[in-house]
file protein-v9.cif (mmCIF, C-alpha atoms and all ligand atoms)
data_run
#
loop_
_atom_site.label_atom_id
_atom_site.label_comp_id
_atom_site.auth_asym_id
_atom_site.auth_seq_id
_atom_site.Cartn_x
_atom_site.Cartn_y
_atom_site.Cartn_z
CA MET A 1 129.10 -192.32 74.50
CA GLN A 2 127.30 -192.61 71.23
CA ILE A 3 126.09 -196.01 70.08
CA GLN A 4 125.43 -197.19 66.54
CA ILE A 5 123.86 -200.61 66.06
CA PHE A 6 124.09 -202.45 62.75
CA GLN A 7 122.05 -205.39 61.49
CA ASP A 8 125.09 -207.12 60.13
CA LYS A 9 128.84 -207.11 60.48
CA GLU A 10 129.44 -206.08 56.86
CA SER A 11 127.62 -202.76 57.15
CA LEU A 12 129.32 -202.13 60.50
CA HIS A 13 132.77 -202.53 58.97
CA ARG A 14 131.86 -200.42 55.95
CA ALA A 15 130.72 -197.61 58.26
CA VAL A 16 133.88 -197.69 60.42
CA ALA A 17 136.14 -197.83 57.36
CA GLN A 18 134.28 -194.87 55.83
CA MET A 19 134.76 -192.89 59.03
CA PHE A 20 138.53 -193.52 58.85
CA VAL A 21 138.70 -192.70 55.13
CA ASP A 22 136.78 -189.44 55.70
CA ALA A 23 139.09 -188.54 58.60
CA VAL A 24 142.22 -189.16 56.49
CA LYS A 25 140.81 -187.07 53.65
CA ALA A 26 139.94 -184.24 56.05
CA LYS A 27 143.42 -184.29 57.64
CA PRO A 28 146.07 -186.00 55.46
CA SER A 29 148.65 -185.90 58.29
CA ILE A 30 146.21 -187.45 60.80
CA VAL A 31 147.56 -189.51 63.72
CA LEU A 32 145.64 -192.78 63.94
CA GLY A 33 145.56 -195.18 66.87
CA LEU A 34 145.07 -198.73 65.61
CA ALA A 35 144.05 -202.06 67.07
CA THR A 36 144.61 -205.74 66.37
CA GLY A 37 142.45 -208.81 66.99
CA SER A 38 139.68 -210.09 64.75
CA SER A 39 137.36 -207.11 65.37
CA PRO A 40 139.08 -204.55 63.08
CA LEU A 41 140.11 -207.02 60.36
CA GLU A 42 137.28 -206.39 57.90
CA THR A 43 137.41 -202.65 58.59
CA TYR A 44 141.03 -202.79 57.39
CA GLU A 45 139.97 -204.79 54.31
CA ASN A 46 137.46 -202.07 53.48
CA MET A 47 140.10 -199.35 53.91
CA ILE A 48 142.43 -201.20 51.51
CA LYS A 49 139.59 -201.63 49.00
CA ASP A 50 138.84 -197.91 49.19
CA HIS A 51 142.53 -197.08 48.69
CA GLN A 52 142.68 -199.31 45.60
CA GLU A 53 139.44 -197.96 44.13
CA ASN A 54 139.56 -194.30 45.15
CA GLY A 55 143.24 -193.68 45.83
CA THR A 56 142.81 -192.28 49.34
CA ASP A 57 146.29 -191.04 50.23
CA TYR A 58 148.05 -192.31 53.38
CA SER A 59 151.51 -190.92 52.57
CA GLU A 60 151.41 -188.42 55.46
CA VAL A 61 149.45 -190.50 57.97
CA VAL A 62 151.15 -191.58 61.21
CA THR A 63 149.87 -194.58 63.18
CA PHE A 64 150.35 -195.94 66.70
CA ASN A 65 149.18 -199.42 67.61
CA LEU A 66 147.82 -200.25 71.00
CA ASP A 67 149.97 -203.17 71.99
CA GLU A 68 152.39 -206.00 71.29
CA TYR A 69 153.20 -209.35 72.88
CA ILE A 70 156.45 -209.43 74.83
CA GLY A 71 158.92 -211.92 73.42
CA LEU A 72 157.62 -211.91 69.83
CA ASP A 73 159.71 -210.05 67.34
CA GLY A 74 158.08 -208.25 64.43
CA SER A 75 158.76 -211.11 62.03
CA HIS A 76 156.84 -213.65 64.19
CA SER A 77 153.59 -214.61 62.45
CA GLN A 78 151.55 -213.85 65.61
CA SER A 79 153.24 -210.55 66.44
CA TYR A 80 150.97 -207.55 66.12
CA ARG A 81 153.59 -205.84 63.91
CA HIS A 82 153.26 -208.72 61.44
CA PHE A 83 149.45 -208.60 61.74
CA MET A 84 149.38 -204.88 60.96
CA ASN A 85 151.78 -205.09 58.03
CA THR A 86 149.86 -207.92 56.39
CA SER A 87 146.31 -206.83 57.32
CA LEU A 88 146.59 -203.12 56.61
CA PHE A 89 149.87 -201.29 56.02
CA ASN A 90 151.07 -203.29 53.00
CA GLY A 91 147.76 -202.54 51.29
CA LEU A 92 148.04 -198.75 51.68
CA ASN A 93 150.62 -196.21 50.51
CA ILE A 94 151.79 -195.50 54.07
CA PRO A 95 155.58 -195.52 54.59
CA LEU A 96 156.26 -198.25 57.19
CA GLY A 97 158.50 -195.78 59.05
CA GLN A 98 155.38 -193.78 59.91
CA THR A 99 153.71 -196.84 61.46
CA ASN A 100 154.45 -197.48 65.13
CA VAL A 101 153.87 -200.74 66.99
CA PRO A 102 155.59 -201.05 70.37
CA SER A 103 158.50 -203.48 70.22
CA GLY A 104 158.01 -206.67 72.22
CA THR A 105 161.73 -207.39 72.35
CA GLY A 106 164.75 -205.52 73.74
CA ASP A 107 164.53 -202.96 76.56
CA VAL A 108 160.77 -202.79 77.09
CA ASP A 109 160.87 -200.08 79.77
CA LYS A 110 162.64 -197.81 77.31
CA THR A 111 160.14 -198.82 74.62
CA CYS A 112 157.28 -197.66 76.88
CA GLU A 113 158.91 -194.30 77.62
CA ASP A 114 159.86 -193.69 73.98
CA TYR A 115 156.38 -194.65 72.78
CA GLU A 116 154.68 -192.07 74.99
CA ALA A 117 157.20 -189.39 73.95
CA LYS A 118 156.70 -190.19 70.29
CA ILE A 119 152.90 -189.97 70.59
CA ALA A 120 153.23 -186.63 72.41
CA ASN A 121 155.62 -185.31 69.72
CA THR A 122 153.01 -185.82 67.03
CA GLY A 123 150.52 -183.71 68.97
CA GLY A 124 148.51 -186.75 70.11
CA ILE A 125 146.22 -189.34 68.58
CA ASP A 126 143.35 -187.87 66.57
CA LEU A 127 141.31 -191.03 66.06
CA GLN A 128 141.73 -194.25 68.04
CA LEU A 129 140.24 -197.59 67.02
CA LEU A 130 139.52 -200.13 69.76
CA GLY A 131 138.20 -203.66 70.15
CA ILE A 132 137.18 -205.04 73.53
CA GLY A 133 138.14 -208.25 75.31
CA THR A 134 135.40 -210.44 76.78
CA ASN A 135 136.62 -209.29 80.22
CA GLY A 136 136.36 -205.62 79.18
CA HIS A 137 140.02 -205.04 78.42
CA ILE A 138 141.04 -202.34 75.96
CA GLY A 139 144.46 -202.70 74.38
CA PHE A 140 145.91 -205.16 76.87
CA ASN A 141 144.71 -203.18 79.89
CA GLU A 142 143.28 -206.02 81.93
CA PRO A 143 140.72 -205.63 84.74
CA GLY A 144 142.33 -203.89 87.72
CA THR A 145 144.61 -201.67 85.61
CA PRO A 146 144.66 -198.16 87.12
CA PHE A 147 142.92 -195.58 84.96
CA ASP A 148 145.95 -193.25 85.04
CA THR A 149 148.35 -195.68 83.34
CA ARG A 150 150.44 -194.85 80.31
CA THR A 151 152.30 -197.29 78.05
CA HIS A 152 153.45 -200.13 80.30
CA VAL A 153 154.19 -203.84 80.60
CA THR A 154 151.25 -205.99 81.66
CA GLU A 155 150.62 -209.62 82.59
CA LEU A 156 147.84 -211.20 80.57
CA THR A 157 144.96 -212.86 82.38
CA LYS A 158 144.04 -216.49 81.82
CA GLU A 159 140.84 -215.36 80.06
CA THR A 160 142.84 -213.30 77.56
CA ILE A 161 145.42 -216.04 77.00
CA ASP A 162 142.65 -218.60 76.43
CA GLY A 163 140.77 -216.15 74.19
CA ASN A 164 143.81 -215.53 72.00
CA ALA A 165 145.01 -219.17 71.98
CA ARG A 166 143.06 -219.74 68.73
CA PHE A 167 145.79 -217.80 66.91
CA PHE A 168 148.61 -219.91 68.38
CA GLU A 169 149.41 -223.64 68.39
CA SER A 170 148.21 -223.92 71.99
CA ALA A 171 147.42 -221.79 75.04
CA GLU A 172 150.95 -222.60 76.30
CA SER A 173 152.52 -220.80 73.34
CA VAL A 174 150.62 -217.54 73.93
CA PRO A 175 153.00 -214.99 75.50
CA LYS A 176 152.16 -214.23 79.14
CA LYS A 177 153.06 -210.55 79.00
CA ALA A 178 152.50 -207.65 76.66
CA VAL A 179 153.38 -204.00 76.27
CA THR A 180 150.29 -201.84 75.92
CA MET A 181 149.28 -198.20 75.72
CA GLY A 182 147.82 -197.34 79.10
CA ILE A 183 144.25 -196.34 79.79
CA GLN A 184 145.24 -192.67 80.12
CA THR A 185 147.06 -192.89 76.77
CA ILE A 186 143.85 -194.17 75.18
CA MET A 187 141.68 -191.59 76.96
CA ASP A 188 143.92 -188.80 75.59
CA ALA A 189 142.85 -189.64 72.02
CA LYS A 190 140.63 -186.89 70.65
CA LYS A 191 138.11 -189.32 69.18
CA ILE A 192 137.58 -193.02 69.92
CA VAL A 193 135.74 -195.69 67.96
CA LEU A 194 135.12 -199.12 69.51
CA ILE A 195 134.03 -202.11 67.43
CA ALA A 196 132.29 -205.14 68.96
CA TYR A 197 130.22 -207.83 67.41
CA GLY A 198 128.87 -211.25 68.33
CA SER A 199 127.13 -212.55 71.44
CA LYS A 200 130.46 -213.25 73.21
CA LYS A 201 130.94 -209.49 73.64
CA ALA A 202 127.38 -208.71 74.83
CA ALA A 203 128.06 -208.90 78.58
CA ALA A 204 131.19 -206.73 78.32
CA ILE A 205 129.27 -204.16 76.25
CA ARG A 206 126.42 -204.09 78.78
CA ASP A 207 128.84 -203.63 81.68
CA MET A 208 130.90 -200.93 79.97
CA VAL A 209 127.83 -198.90 78.99
CA ASN A 210 125.30 -199.53 81.76
CA GLY A 211 127.57 -200.47 84.65
CA PRO A 212 129.57 -198.31 87.04
CA ILE A 213 132.89 -196.77 85.98
CA THR A 214 135.28 -199.15 87.64
CA GLU A 215 138.83 -200.40 87.11
CA SER A 216 137.45 -203.95 87.18
CA MET A 217 135.77 -203.14 83.81
CA PRO A 218 138.52 -201.17 82.00
CA ALA A 219 136.31 -200.10 79.05
CA SER A 220 133.81 -198.45 81.44
CA ILE A 221 136.15 -195.43 81.62
CA LEU A 222 135.05 -194.59 78.08
CA GLN A 223 131.79 -193.29 79.64
CA ASP A 224 133.95 -190.33 80.69
CA HIS A 225 135.46 -189.70 77.22
CA SER A 226 133.99 -186.75 75.35
CA ASP A 227 133.89 -188.28 71.86
CA THR A 228 133.51 -192.05 71.83
CA THR A 229 131.28 -194.00 69.46
CA LEU A 230 130.52 -197.71 69.76
CA PHE A 231 129.88 -199.60 66.53
CA LEU A 232 127.97 -202.75 67.50
CA ASP A 233 126.04 -205.48 65.79
CA GLU A 234 122.70 -206.55 67.24
CA GLU A 235 124.22 -209.52 69.09
CA ALA A 236 126.82 -207.42 70.90
CA ALA A 237 124.13 -204.86 71.75
CA ALA A 238 121.59 -207.47 72.91
CA LEU A 239 122.02 -206.97 76.66
CA LEU A 240 122.04 -203.16 76.66
CA LYS A 241 119.29 -201.44 78.66
CA PRO A 242 116.74 -199.93 76.27
CA GLU A 243 117.08 -196.10 76.07
C1 LIG A 301 143.42 -208.65 72.04
C2 LIG A 301 143.88 -207.22 71.77
C3 LIG A 301 142.77 -206.21 72.00
C4 LIG A 301 141.51 -206.69 71.30
C5 LIG A 301 141.07 -208.00 71.89
C6 LIG A 301 139.78 -208.53 71.30
O1 LIG A 301 143.50 -209.02 73.36
N1 LIG A 301 145.01 -206.84 72.57
O2 LIG A 301 143.18 -204.95 71.51
O3 LIG A 301 140.49 -205.74 71.43
O4 LIG A 301 142.11 -208.94 71.61
O5 LIG A 301 140.04 -209.41 70.25
P1 LIG A 301 139.03 -209.76 69.13
O6 LIG A 301 138.80 -208.53 68.33
O7 LIG A 301 139.73 -210.82 68.32
O8 LIG A 301 137.79 -210.25 69.78
#
call {"tool": "encode", "arguments": {"input": "protein-v9.cif", "output": "structure tokens", "more": "lines below"}}
Ligand code: GLP
result
Amino acid sequence: MQIQIFQDKESLHRAVAQMFVDAVKAKPSIVLGLATGSSPLETYENMIKDHQENGTDYSEVVTFNLDEYIGLDGSHSQSYRHFMNTSLFNGLNIPLGQTNVPSGTGDVDKTCEDYEAKIANTGGIDLQLLGIGTNGHIGFNEPGTPFDTRTHVTELTKETIDGNARFFESAESVPKKAVTMGIQTIMDAKKIVLIAYGSKKAAAIRDMVNGPITESMPASILQDHSDTTLFLDEEAAALLKPE
């Protein structure tokens, strides 16, 4: 794992956005894996700004998002489909038909199977963006998720529900289940970038980097990935062992 530490959040987001822009320019038909949550938000803003100012072309790009809440349809204001359309896709020239977010309604088992097949058909994800939950989850792969999982339905932990309650009216209205790419799906990405900032993420970052590779800390599996870079601010990096 490579680690880059930034003094402030703004320069961190600029650097991640630039990496994505450079990757799209190098391979216009790139397959991107994308994430939701607050962590990637300003990265997406920077990508939109670059598109407006420099015209970076997304017309051939294909995207796959990590996850979606079960029970929320794409028009729900807290669905990840809605989040992606409003935070990124609508600001780029990417045809929405080339953007994939697993559906949280309908036959979810079929959704999981189709999602894996669709990713495989593209030749696989070239560049995957990740955030990390305070409990070390990636996507919605909660602690205890087997490392060999592919896209599947998962029950959210209380910590995740409480953590995401800020986006809903109350913790009770947060869906209890989600569909998520599995850990093996994520590990199959050729290149992975994980963003974390703020002191709330420091313990998870320490455990994923310095701790043992264990299913109780899902992100620790990234120690075994051949091309993963962590983009951290100083607060998120504060508990790391010095090199
Ligand atoms: C959700 C998402 C994750 C994300 C995590 C962290 O649970 N499913 O993909 O990494 O939140 O959220 P945030 O970036 O808001 O801290």
call {"tool": "residues_near_ligand", "arguments": {"input": "protein-v9.cif", "ligand": "ligand LIG 301 (chain A)", "cutoff": "6 Å", "atoms": "all atoms listed in the file", "output": "ChimeraX atom specification"}}
result
/A:35-39,130-133,138-140
call {"tool": "residues_around", "arguments": {"input": "protein-v9.cif", "residues": "Asn93 of chain A", "least_positions_apart": "2", "cutoff": "10 Å", "atoms": "all atoms listed in the file", "output": "MDAnalysis selection string"}}
result
chainID A and resid 48 51:52 55:61 89:91 95:96
call {"tool": "closest_atom_pairs", "arguments": {"input": "protein-v9.cif", "of": "segment 91-136 of chain A", "to": "segment 170-186 of chain A", "cutoff": "10 Å", "atoms": "all atoms listed in the file", "output": "CSV"}}
result
residue,atom,partner,partner_atom,distance
A:Val101,CA,A:Thr180,CA,9.7
A:Pro102,CA,A:Val179,CA,7.0
A:Ser103,CA,A:Val179,CA,7.9
A:Gly104,CA,A:Val179,CA,6.7
A:Thr105,CA,A:Val179,CA,9.8
A:Val108,CA,A:Val179,CA,7.5
A:Asp109,CA,A:Val179,CA,9.1
A:Thr111,CA,A:Val179,CA,8.7
A:Cys112,CA,A:Val179,CA,7.5
A:Tyr115,CA,A:Met181,CA,8.5
A:Glu116,CA,A:Thr185,CA,7.9
A:Ile119,CA,A:Thr185,CA,9.0
A:Ala120,CA,A:Thr185,CA,9.8
A:Gly124,CA,A:Thr185,CA,9.2
A:Ile125,CA,A:Ile186,CA,8.5
A:Leu127,CA,A:Ile186,CA,10.0
A:Gln128,CA,A:Ile186,CA,7.4
A:Leu129,CA,A:Ile186,CA,9.6
A:Leu130,CA,A:Ile186,CA,9.1
call {"tool": "atom_distance", "arguments": {"input": "protein-v9.cif", "atom1": "atom CA of His152 of chain A", "atom2": "atom CA of Asn164 of chain A"}}
result
20.0 Å
call {"tool": "closest_residue", "arguments": {"input": "protein-v9.cif", "among": "A:Asn121, A:Thr134, A:Gln223, A:Thr151", "to": "Ala203 of chain A", "atoms": "all atoms listed in the file"}}
result
A:Thr134
call {"tool": "atom_distance", "arguments": {"input": "protein-v9.cif", "atom1": "atom CA of Met1 of chain A", "atom2": "atom CA of Thr122 of chain A"}}
result
25.9 Å
